$ cat work.tsv   # TSV, C-alpha atoms
chain	number	residue	atom	x	y	z
U	78	MET	CA	-273.80	129.86	183.58
U	79	SER	CA	-272.85	128.40	180.24
U	80	SER	CA	-271.67	124.79	180.27
U	81	ARG	CA	-269.70	125.31	177.07
U	82	SER	CA	-266.14	124.06	177.47
U	83	HIS	CA	-263.20	126.18	176.45
U	84	PRO	CA	-260.61	124.65	174.12
U	85	LEU	CA	-257.23	123.93	175.60
U	86	PRO	CA	-254.41	126.08	174.26
U	87	SER	CA	-252.57	124.35	171.43
U	88	THR	CA	-248.94	123.37	171.85
U	89	THR	CA	-246.73	125.06	169.28
U	90	PRO	CA	-243.45	123.66	167.93
U	91	SER	CA	-241.70	126.51	169.74
U	92	THR	CA	-243.27	125.57	173.09
U	93	THR	CA	-242.44	121.90	172.61
U	94	ALA	CA	-238.88	122.77	171.61
U	95	ARG	CA	-238.39	124.85	174.74
U	96	GLN	CA	-239.65	121.96	176.88
U	97	ASP	CA	-237.33	119.57	175.06
U	98	ALA	CA	-234.39	121.93	175.62
U	99	ASP	CA	-235.16	122.30	179.31
U	100	GLU	CA	-235.41	118.53	179.74
U	101	ALA	CA	-232.14	117.98	177.88
U	102	ALA	CA	-230.34	120.53	180.05
U	103	ALA	CA	-231.71	118.96	183.21
U	104	GLY	CA	-230.69	115.50	181.99
U	105	ALA	CA	-227.15	116.75	181.35
U	106	ALA	CA	-227.01	118.52	184.74
U	107	VAL	CA	-226.23	121.89	183.15
U	108	THR	CA	-227.77	125.30	182.80
U	109	VAL	CA	-227.81	126.59	179.22
U	110	ARG	CA	-227.89	130.37	178.87
U	111	PRO	CA	-226.80	133.04	176.40
U	112	VAL	CA	-223.12	133.98	176.16
U	113	SER	CA	-222.89	137.68	175.36
U	114	GLU	CA	-220.71	139.60	177.81
U	115	ALA	CA	-217.06	140.13	176.92
U	116	ASP	CA	-215.66	137.96	179.73
U	117	ASP	CA	-218.06	135.12	178.93
U	118	CYS	CA	-217.00	135.26	175.27
U	119	VAL	CA	-213.35	134.97	176.34
U	120	ASP	CA	-214.25	131.85	178.34
U	121	ALA	CA	-216.10	130.39	175.34
U	122	SER	CA	-213.19	131.06	173.01
U	123	ARG	CA	-210.78	129.42	175.47
U	124	LEU	CA	-213.05	126.37	175.65
U	125	LEU	CA	-213.11	126.04	171.86
U	126	ALA	CA	-209.32	126.27	171.79
U	127	ARG	CA	-209.13	123.34	174.24
U	128	VAL	CA	-211.64	121.29	172.26
U	129	PHE	CA	-209.84	121.80	168.95
U	130	GLY	CA	-206.35	121.52	170.38
U	131	THR	CA	-205.06	124.99	169.61
U	132	SER	CA	-203.55	127.83	171.58
U	133	TYR	CA	-205.96	130.47	172.81
U	134	ASP	CA	-204.62	132.92	170.22
U	135	ALA	CA	-205.50	130.40	167.47
U	136	SER	CA	-208.94	129.49	168.81
U	137	PRO	CA	-211.36	128.47	166.03
U	138	VAL	CA	-213.58	131.42	166.97
U	139	GLN	CA	-212.00	134.41	168.67
U	140	HIS	CA	-213.69	136.10	171.63
U	141	ASP	CA	-214.33	139.31	169.68
U	142	VAL	CA	-216.16	137.37	166.96
U	143	LEU	CA	-218.38	135.65	169.53
U	144	ARG	CA	-219.06	138.99	171.19
U	145	SER	CA	-219.98	140.54	167.84
U	146	LEU	CA	-222.23	137.62	166.90
U	147	ALA	CA	-224.11	137.89	170.18
U	148	HIS	CA	-224.36	141.68	169.89
U	149	ALA	CA	-225.75	141.36	166.34
U	150	GLY	CA	-228.54	139.09	167.60
U	151	GLY	CA	-226.99	135.72	166.82
U	152	CYS	CA	-227.30	132.72	169.08
U	153	VAL	CA	-224.24	132.14	171.26
U	154	VAL	CA	-225.03	129.84	174.17
U	155	GLY	CA	-223.06	128.19	176.93
U	156	ALA	CA	-223.65	125.14	179.10
U	157	TYR	CA	-222.67	125.73	182.73
U	158	ARG	CA	-222.18	123.20	185.52
U	159	ASP	CA	-221.49	124.46	189.01
U	160	GLY	CA	-220.65	127.85	187.56
U	161	ARG	CA	-218.10	126.46	185.08
U	162	LEU	CA	-218.53	126.78	181.30
U	163	VAL	CA	-218.35	123.20	179.95
U	164	GLY	CA	-219.81	123.63	176.47
U	165	THR	CA	-220.64	126.33	173.95
U	166	ALA	CA	-222.30	126.69	170.55
U	167	ALA	CA	-222.95	129.50	168.09
U	168	CYS	CA	-225.33	129.88	165.17
U	169	VAL	CA	-226.46	132.72	162.93
U	170	ALA	CA	-229.43	133.43	160.69
U	171	GLY	CA	-229.27	132.77	156.98
U	172	ALA	CA	-229.93	135.27	154.22
U	173	PRO	CA	-232.59	137.95	154.80
U	174	HIS	CA	-236.11	136.46	154.90
U	175	SER	CA	-234.63	132.96	155.10
U	176	THR	CA	-236.05	130.48	157.61
U	177	ASP	CA	-232.70	128.70	157.92
U	178	LEU	CA	-230.09	129.00	160.64
U	179	TYR	CA	-226.43	128.10	160.20
U	180	SER	CA	-224.58	126.47	163.08
U	181	LEU	CA	-221.01	127.77	163.09
U	182	ILE	CA	-219.43	125.71	165.84
U	183	ALA	CA	-220.10	123.68	168.96
U	184	GLY	CA	-217.75	122.19	171.51
U	185	VAL	CA	-217.79	120.42	174.86
U	186	ASP	CA	-214.86	120.05	177.25
U	187	ALA	CA	-213.20	116.64	176.96
U	188	ASP	CA	-213.67	115.71	180.62
U	189	VAL	CA	-217.48	115.94	180.38
U	190	THR	CA	-218.20	114.57	176.89
U	191	GLY	CA	-220.78	111.84	176.52
U	192	GLY	CA	-223.08	113.26	179.18
U	193	GLY	CA	-225.65	114.92	176.95
U	194	ILE	CA	-224.19	118.43	177.04
U	195	GLY	CA	-223.83	118.69	173.26
U	196	TYR	CA	-227.42	117.49	172.90
U	197	ALA	CA	-228.61	120.15	175.35
U	198	LEU	CA	-226.77	122.85	173.40
U	199	LYS	CA	-228.31	121.80	170.07
U	200	LEU	CA	-231.80	121.67	171.53
U	201	ALA	CA	-231.26	125.15	172.99
U	202	GLN	CA	-230.32	126.36	169.50
U	203	ARG	CA	-233.43	124.66	168.11
U	204	ALA	CA	-235.70	126.39	170.61
U	205	TRP	CA	-233.99	129.75	169.98
U	206	GLY	CA	-234.54	129.38	166.24
U	207	LEU	CA	-238.18	128.32	166.43
U	208	ASP	CA	-238.91	131.25	168.74
U	209	ARG	CA	-237.69	133.51	165.92
U	210	GLY	CA	-239.45	131.84	163.00
U	211	ALA	CA	-236.66	129.55	161.78
U	212	THR	CA	-237.63	126.07	160.61
U	213	ALA	CA	-234.28	124.48	159.70
U	214	MET	CA	-230.62	124.55	160.68
U	215	ARG	CA	-227.62	123.64	158.52
U	216	TRP	CA	-224.00	122.90	159.35
U	217	THR	CA	-221.12	120.81	158.07
U	218	PHE	CA	-219.30	117.89	159.67
U	219	ASP	CA	-216.44	115.56	158.83
U	220	PRO	CA	-217.97	112.36	157.36
U	221	LEU	CA	-215.15	110.27	158.87
U	222	LEU	CA	-216.01	111.21	162.46
U	223	ARG	CA	-218.37	108.41	163.40
U	224	ARG	CA	-219.50	109.85	166.71
U	225	ASN	CA	-220.48	113.16	165.08
U	226	ALA	CA	-222.39	111.38	162.33
U	227	TYR	CA	-224.31	109.30	164.88
U	228	PHE	CA	-225.12	112.41	166.91
U	229	ASN	CA	-226.19	114.52	163.92
U	230	LEU	CA	-228.14	111.96	161.92
U	231	THR	CA	-229.47	109.49	164.47
U	232	ARG	CA	-229.70	111.43	167.72
U	233	LEU	CA	-230.90	114.74	166.29
U	234	GLY	CA	-232.55	113.52	163.09
U	235	ALA	CA	-230.69	115.71	160.60
U	236	VAL	CA	-230.15	114.49	157.04
U	237	ALA	CA	-227.17	114.97	154.72
U	238	SER	CA	-227.68	115.18	150.97
U	239	ALA	CA	-224.54	117.11	149.96
U	240	TYR	CA	-220.87	116.09	150.12
U	241	ILE	CA	-218.32	118.87	149.56
U	242	PRO	CA	-214.66	117.93	149.01
U	243	ASP	CA	-212.09	120.35	150.48
U	244	PHE	CA	-214.73	122.54	152.10
U	245	TYR	CA	-212.03	124.56	153.88
U	246	ALA	CA	-208.48	125.40	153.01
U	247	PRO	CA	-206.09	123.22	155.09
U	248	LEU	CA	-206.68	123.56	158.83
U	249	ASN	CA	-203.98	123.37	161.48
U	250	ASP	CA	-205.87	122.47	164.63
U	251	ALA	CA	-205.37	119.12	166.34
U	252	VAL	CA	-208.65	117.73	165.00
U	253	ASN	CA	-208.06	118.52	161.31
U	254	ARG	CA	-204.28	118.80	160.90
U	255	ASN	CA	-202.69	116.82	158.02
U	256	ASP	CA	-206.02	115.84	156.53
U	257	LEU	CA	-208.41	116.93	153.80
U	258	THR	CA	-211.38	119.02	154.89
U	259	ASP	CA	-214.20	117.13	153.16
U	260	ARG	CA	-217.58	117.81	154.75
U	261	LEU	CA	-221.12	116.53	154.70
U	262	VAL	CA	-223.80	119.21	154.87
U	263	ALA	CA	-226.41	118.44	157.52
U	264	ARG	CA	-229.90	119.91	157.47
U	265	TRP	CA	-232.08	119.62	160.56
U	266	ALA	CA	-235.81	120.28	160.42
U	267	LEU	CA	-236.38	122.18	163.65
U	268	ASP	CA	-240.16	121.92	163.63
U	269	ARG	CA	-240.19	118.10	163.58
U	270	PRO	CA	-239.74	115.75	166.54
U	271	VAL	CA	-236.09	115.17	167.43
U	272	GLY	CA	-234.55	111.88	166.31
U	273	ALA	CA	-233.85	109.87	163.18
U	274	ARG	CA	-236.53	108.93	160.67
U	275	PRO	CA	-236.55	105.35	159.32
U	276	PRO	CA	-234.39	103.49	158.69
U	277	THR	CA	-232.79	103.61	162.13
U	278	ALA	CA	-231.32	100.10	162.00
U	279	GLU	CA	-229.29	98.27	159.41
U	280	PRO	CA	-231.63	96.79	156.75
U	281	ALA	CA	-230.74	93.25	155.77
U	282	ASP	CA	-231.22	93.94	152.06
U	283	ALA	CA	-229.21	97.20	151.88
U	284	CYS	CA	-226.46	97.48	149.30
U	285	THR	CA	-222.98	97.85	150.82
U	286	ILE	CA	-220.99	100.56	149.01
U	287	LEU	CA	-218.04	100.83	151.42
U	288	ARG	CA	-216.79	98.13	153.77
U	289	PRO	CA	-213.57	97.16	155.57
U	290	VAL	CA	-211.51	94.18	154.45
U	291	GLU	CA	-208.53	93.57	156.73
U	292	GLY	CA	-208.75	97.20	157.81
U	293	LEU	CA	-208.70	98.63	154.28
U	294	PRO	CA	-211.61	100.19	152.39
U	295	VAL	CA	-213.35	98.34	149.57
U	296	ILE	CA	-215.91	100.23	147.48
U	297	GLY	CA	-219.05	98.80	145.92
U	298	GLU	CA	-221.08	100.96	143.57
U	299	PRO	CA	-224.80	101.70	144.17
U	300	ASP	CA	-227.00	99.09	142.47
U	301	GLY	CA	-230.43	100.70	142.66
U	302	GLU	CA	-231.39	99.40	146.11
U	303	ALA	CA	-233.55	101.72	148.21
U	304	VAL	CA	-230.99	101.78	151.04
U	305	LEU	CA	-227.19	101.81	150.97
U	306	LYS	CA	-224.67	101.07	153.74
U	307	LEU	CA	-221.33	102.83	154.04
U	308	TRP	CA	-218.89	102.04	156.86
U	309	VAL	CA	-216.35	104.37	158.49
U	310	PRO	CA	-213.61	103.53	161.04
U	311	ARG	CA	-214.24	103.78	164.76
U	312	ASP	CA	-211.69	106.55	165.41
U	313	ALA	CA	-210.44	108.32	162.30
U	314	GLU	CA	-208.51	110.89	164.35
U	315	ALA	CA	-206.47	108.19	166.07
U	316	LEU	CA	-205.98	106.40	162.75
U	317	ARG	CA	-204.33	109.53	161.30
U	318	GLY	CA	-201.75	109.35	164.06
U	319	THR	CA	-201.07	105.60	163.99
U	320	SER	CA	-201.42	104.87	160.27
U	321	PRO	CA	-201.46	107.99	158.05
U	322	ASP	CA	-201.49	105.98	154.82
U	323	ARG	CA	-204.47	103.91	155.91
U	324	ALA	CA	-206.26	107.07	157.07
U	325	ARG	CA	-205.63	108.66	153.69
U	326	ARG	CA	-207.09	105.64	151.90
U	327	TRP	CA	-210.22	105.81	154.01
U	328	ARG	CA	-210.57	109.53	153.35
U	329	HIS	CA	-210.45	109.06	149.58
U	330	ALA	CA	-212.71	105.99	149.70
U	331	VAL	CA	-215.37	107.80	151.71
U	332	ARG	CA	-215.18	110.72	149.28
U	333	GLU	CA	-215.60	108.45	146.26
U	334	ALA	CA	-218.39	106.32	147.70
U	335	PHE	CA	-220.36	109.22	149.15
U	336	THR	CA	-220.16	111.46	146.09
U	337	ALA	CA	-221.25	108.58	143.83
U	338	ALA	CA	-224.25	107.90	146.06
U	339	VAL	CA	-225.25	111.57	146.39
U	340	ASP	CA	-224.97	112.02	142.63
U	341	GLN	CA	-227.50	109.21	142.21
U	342	GLY	CA	-230.03	110.70	144.60
U	343	TYR	CA	-229.15	109.12	147.95
U	344	THR	CA	-229.37	111.00	151.25
U	345	ALA	CA	-227.68	110.02	154.53
U	346	ARG	CA	-230.46	109.47	157.07
U	347	GLY	CA	-228.81	107.62	159.90
U	348	MET	CA	-225.71	106.04	161.42
U	349	THR	CA	-225.64	102.78	163.35
U	350	ARG	CA	-223.62	102.46	166.55
U	351	ASP	CA	-221.18	100.12	164.81
U	352	GLY	CA	-220.29	102.64	162.11
U	353	TRP	CA	-222.64	102.15	159.15
U	354	TYR	CA	-224.09	105.18	157.41
U	355	LEU	CA	-227.57	104.49	156.06
U	356	LEU	CA	-228.38	106.27	152.82
U	357	VAL	CA	-231.91	106.36	151.43
U	358	ARG	CA	-232.61	106.81	147.74
U	359	ASP	CA	-234.85	109.49	146.35
U	360	ALA	CA	-237.59	107.62	144.48
U	361	ARG	CA	-237.14	109.99	141.53
U	362	ALA	CA	-233.47	109.11	141.04
U	363	ALA	CA	-232.52	107.15	137.96
U	364	GLN	CA	-231.62	103.47	138.23
U	365	ASP	CA	-227.92	102.58	138.24
U	366	GLY	CA	-225.99	99.52	137.14
U	367	PRO	CA	-225.00	96.51	139.25
U	368	ALA	CA	-222.65	96.82	142.20
U	369	ARG	CA	-218.93	96.20	141.64
U	370	ASP	CA	-216.32	95.98	144.35
U	371	ARG	CA	-212.79	97.35	144.16
U	372	GLU	CA	-210.08	98.05	146.71
U	373	VAL	CA	-208.99	101.66	147.09
U	374	ALA	CA	-205.32	102.36	146.35

$ encode --input "work.tsv" --output "structure tokens"
Amino acid sequence: MSSRSHPLPSTTPSTTARQDADEAAAGAAVTVRPVSEADDCVDASRLLARVFGTSYDASPVQHDVLRSLAHAGGCVVGAYRDGRLVGTAACVAGAPHSTDLYSLIAGVDADVTGGGIGYALKLAQRAWGLDRGATAMRWTFDPLLRRNAYFNLTRLGAVASAYIPDFYAPLNDAVNRNDLTDRLVARWALDRPVGARPPTAEPADACTILRPVEGLPVIGEPDGEAVLKLWVPRDAEALRGTSPDRARRWRHAVREAFTAAVDQGYTARGMTRDGWYLLVRDARAAQDGPARDREVA
């Protein structure tokens, strides 16, 4: 009998992603499975209406659209706990022959947020995509929502190198009502380990381009440092309700600071727990002038 050893089967990104997704679902105490039947799509649309504060008839994604997406081969998944749908997410493929996915929407019921359900849904999408040859996923998010930025950039490891003012026409749901619809574009490399790349903590020598002074935004221009810091309020949604003028000033300040940084080759790579975006400069970007501070009117 030959003593030659047989090589162990290699672990593929798809296999690792499926294991990661299973572990995340177990950690969140949910079962994540496809949502495709008509009744399940109704439940998912109702959940999204609750999350975004609309009536069922004005849900961000109607049940027939979810049903059609699933029927066309898109990824519509739900997180279930004790038989109850507590979270849902939907993504579609990009252009023909593209290796990108586009995440349309995700939502988790308010009474179970913070328990890892959103993370389990995203990792299920990641595994679904890698199984089908995708290598990246894109989506947009409101740059003023600190918790979303932390989740997308630090927890998942996505990066954001594009800022789009007024991405949507005005929206009338409870999350977006009476505000501009500026969005950062996130891109998540699905075939890399989950989590932020350096820097993951606030560098002492980073240049501050947006900071609070007595609750108001003050902008400092990029000065050529490798890393920039940009701060956003703890709860921008609540701020819109309690101080609309202050919320408006923060919206315009974030737009100005972010677009200036992106134009000079910076990419958002992380968010600290206390609200600082960390932007890393492309080494090929041109040098800029010295930083100058000014309060935003």

$ atom_distance --input "work.tsv" --atom1 "CA of Gly352 (chain U)" --atom2 "CA of Trp308 (chain U)"
5.5 Å

$ residues_near_point --input "work.tsv" --point "(-205.4, 113.0, 156.6)" --cutoff "9 Å" --atoms "all atoms listed in the file" --output "ChimeraX atom specification"
/U:253-258,313-314,317,321-322,324-326,328

$ closest_residue --input "work.tsv" --among "U:Ala98, U:Ile286, U:Val142, U:Thr92" --to "Glu333 (chain U)" --atoms "only C-alpha atoms"
U:Ile286

$ residues_around --input "work.tsv" --residues "region 224-240 of chain U" --least-positions-apart "2" --cutoff "6 Å" --atoms "only C-alpha atoms" --output "mmCIF file with C-alpha atoms, in the coordinates of the input"
data_model
loop_
_atom_site.group_PDB
_atom_site.id
_atom_site.type_symbol
_atom_site.label_atom_id
_atom_site.label_comp_id
_atom_site.auth_asym_id
_atom_site.auth_seq_id
_atom_site.Cartn_x
_atom_site.Cartn_y
_atom_site.Cartn_z
ATOM 1 C CA LEU U 222 -216.010 111.210 162.460
ATOM 2 C CA ARG U 260 -217.580 117.810 154.750
ATOM 3 C CA LEU U 261 -221.120 116.530 154.700
ATOM 4 C CA VAL U 262 -223.800 119.210 154.870
ATOM 5 C CA ALA U 263 -226.410 118.440 157.520
ATOM 6 C CA ARG U 264 -229.900 119.910 157.470
ATOM 7 C CA TRP U 265 -232.080 119.620 160.560
ATOM 8 C CA VAL U 271 -236.090 115.170 167.430
ATOM 9 C CA GLY U 272 -234.550 111.880 166.310
ATOM 10 C CA ALA U 273 -233.850 109.870 163.180
ATOM 11 C CA THR U 344 -229.370 111.000 151.250
ATOM 12 C CA ALA U 345 -227.680 110.020 154.530
ATOM 13 C CA ARG U 346 -230.460 109.470 157.070
ATOM 14 C CA GLY U 347 -228.810 107.620 159.900
ATOM 15 C CA MET U 348 -225.710 106.040 161.420
#

$ atom_distance --input "work.tsv" --atom1 "CA of Leu200 (chain U)" --atom2 "CA of Phe129 (chain U)"
22.1 Å

$ closest_residue --input "work.tsv" --among "U:Gly301, U:Asp312, U:Pro90, U:Gly171" --to "Gly342 (chain U)" --atoms "only C-alpha atoms"
U:Gly301

$ closest_residue --input "work.tsv" --among "U:Asp99, U:His140, U:Asp300, U:Gly104" --to "Ala283 (chain U)" --atoms "all atoms listed in the file"
U:Asp300

$ closest_residue --input "work.tsv" --among "U:Ala315, U:Ala106, U:Ala266, U:Val309" --to "Arg350 (chain U)" --atoms "all atoms listed in the file"
U:Val309

$ residues_around --input "work.tsv" --residues "region 147-155 of chain U" --least-positions-apart "2" --cutoff "9 Å" --atoms "only C-alpha atoms" --output "list in words"
Thr108, Val109, Arg110, Pro111, Val112, Ser113, Glu114, Asp117, Cys118, Ala121, Val142, Leu143, Arg144, Ser145, Tyr157, Leu162, Val163, Gly164, Thr165, Ala166, Ala167, Cys168, Val169, Ala170, Leu198, Ala201, Gln202, Trp205 and Gly206 of chain U

$ closest_residue --input "work.tsv" --among "U:His329, U:Leu207, U:Pro299, U:Thr88" --to "Asp243 (chain U)" --atoms "only C-alpha atoms"
U:His329

$ closest_residue --input "work.tsv" --among "U:Gln139, U:Tyr196, U:Leu146, U:Asp116" --to "Ala102 (chain U)" --atoms "all atoms listed in the file"
U:Tyr196

$ residues_around --input "work.tsv" --residues "Val304 (chain U)" --least-positions-apart "6" --cutoff "9 Å" --atoms "all atoms listed in the file" --output "mmCIF file with C-alpha atoms, in the frame of the given file"
data_model
loop_
_atom_site.group_PDB
_atom_site.id
_atom_site.type_symbol
_atom_site.label_atom_id
_atom_site.label_comp_id
_atom_site.auth_asym_id
_atom_site.auth_seq_id
_atom_site.Cartn_x
_atom_site.Cartn_y
_atom_site.Cartn_z
ATOM 1 C CA PRO U 276 -234.390 103.490 158.690
ATOM 2 C CA PRO U 280 -231.630 96.790 156.750
ATOM 3 C CA ASP U 282 -231.220 93.940 152.060
ATOM 4 C CA ALA U 283 -229.210 97.200 151.880
ATOM 5 C CA CYS U 284 -226.460 97.480 149.300
ATOM 6 C CA THR U 285 -222.980 97.850 150.820
ATOM 7 C CA TYR U 343 -229.150 109.120 147.950
ATOM 8 C CA LEU U 355 -227.570 104.490 156.060
ATOM 9 C CA LEU U 356 -228.380 106.270 152.820
ATOM 10 C CA VAL U 357 -231.910 106.360 151.430
ATOM 11 C CA ARG U 358 -232.610 106.810 147.740
#

$ atom_distance --input "work.tsv" --atom1 "CA of Ala101 (chain U)" --atom2 "CA of Arg203 (chain U)"
11.9 Å

$ axis_aligned_box --input "work.tsv" --around "region 124-130 of chain U" --padding-each-side "3 Å" --output "lines of an AutoDock Vina configuration file"
center_x = -209.7
center_y = 123.8
center_z = 172.3
size_x = 12.8
size_y = 11.1
size_z = 12.7

$ build_atoms --input "work.tsv" --residues "region 226-246 of chain U" --atoms "N, CA, C and O atoms" --output "compact mmCIF listing (two decimals), in the coordinates of the input"
# COMPACT_ATOMS: atom_id res chain seq x y z
N ALA U 226 -221.35 111.83 163.26
CA ALA U 226 -222.39 111.38 162.33
C ALA U 226 -223.56 110.76 163.09
O ALA U 226 -224.73 111.02 162.79
N TYR U 227 -223.24 109.93 164.09
CA TYR U 227 -224.31 109.30 164.88
C TYR U 227 -225.13 110.38 165.60
O TYR U 227 -226.36 110.34 165.60
N PHE U 228 -224.44 111.35 166.18
CA PHE U 228 -225.12 112.41 166.91
C PHE U 228 -226.02 113.22 165.96
O PHE U 228 -227.19 113.47 166.25
N ASN U 229 -225.46 113.64 164.83
CA ASN U 229 -226.19 114.52 163.92
C ASN U 229 -227.37 113.82 163.24
O ASN U 229 -228.48 114.37 163.18
N LEU U 230 -227.13 112.62 162.73
CA LEU U 230 -228.14 111.96 161.92
C LEU U 230 -229.12 111.13 162.75
O LEU U 230 -230.32 111.14 162.47
N THR U 231 -228.61 110.40 163.71
CA THR U 231 -229.47 109.49 164.47
C THR U 231 -230.05 110.15 165.71
O THR U 231 -231.25 110.05 165.98
N ARG U 232 -229.20 110.82 166.48
CA ARG U 232 -229.70 111.43 167.72
C ARG U 232 -230.59 112.64 167.44
O ARG U 232 -231.66 112.77 168.00
N LEU U 233 -230.12 113.54 166.57
CA LEU U 233 -230.90 114.74 166.29
C LEU U 233 -231.96 114.51 165.22
O LEU U 233 -233.05 115.07 165.29
N GLY U 234 -231.62 113.73 164.19
CA GLY U 234 -232.55 113.52 163.09
C GLY U 234 -232.28 114.41 161.89
O GLY U 234 -233.16 114.60 161.05
N ALA U 235 -231.06 114.96 161.79
CA ALA U 235 -230.69 115.71 160.60
C ALA U 235 -230.49 114.74 159.43
O ALA U 235 -230.37 113.53 159.63
N VAL U 236 -230.46 115.28 158.22
CA VAL U 236 -230.15 114.49 157.04
C VAL U 236 -229.00 115.17 156.30
O VAL U 236 -228.77 116.37 156.47
N ALA U 237 -228.29 114.41 155.48
CA ALA U 237 -227.17 114.97 154.72
C ALA U 237 -227.29 114.53 153.27
O ALA U 237 -227.20 113.35 152.97
N SER U 238 -227.50 115.50 152.39
CA SER U 238 -227.68 115.18 150.97
C SER U 238 -226.62 115.85 150.10
O SER U 238 -226.72 115.80 148.87
N ALA U 239 -225.62 116.47 150.72
CA ALA U 239 -224.54 117.11 149.96
C ALA U 239 -223.20 116.74 150.57
O ALA U 239 -223.04 116.76 151.80
N TYR U 240 -222.24 116.39 149.71
CA TYR U 240 -220.87 116.09 150.12
C TYR U 240 -219.97 117.07 149.39
O TYR U 240 -219.98 117.15 148.16
N ILE U 241 -219.16 117.84 150.16
CA ILE U 241 -218.32 118.87 149.56
C ILE U 241 -216.85 118.54 149.84
O ILE U 241 -216.39 118.64 150.98
N PRO U 242 -216.10 118.16 148.82
CA PRO U 242 -214.66 117.93 149.01
C PRO U 242 -213.94 119.25 149.31
O PRO U 242 -214.31 120.31 148.78
N ASP U 243 -212.93 119.18 150.18
CA ASP U 243 -212.09 120.35 150.48
C ASP U 243 -212.93 121.59 150.80
O ASP U 243 -212.75 122.66 150.21
N PHE U 244 -213.84 121.43 151.73
CA PHE U 244 -214.73 122.54 152.10
C PHE U 244 -213.94 123.75 152.59
O PHE U 244 -214.27 124.89 152.27
N TYR U 245 -212.92 123.50 153.39
CA TYR U 245 -212.03 124.56 153.88
C TYR U 245 -210.66 124.42 153.22
O TYR U 245 -210.30 123.36 152.71
N ALA U 246 -209.91 125.51 153.25
CA ALA U 246 -208.48 125.40 153.01
C ALA U 246 -207.89 124.56 154.15
O ALA U 246 -208.55 124.34 155.18
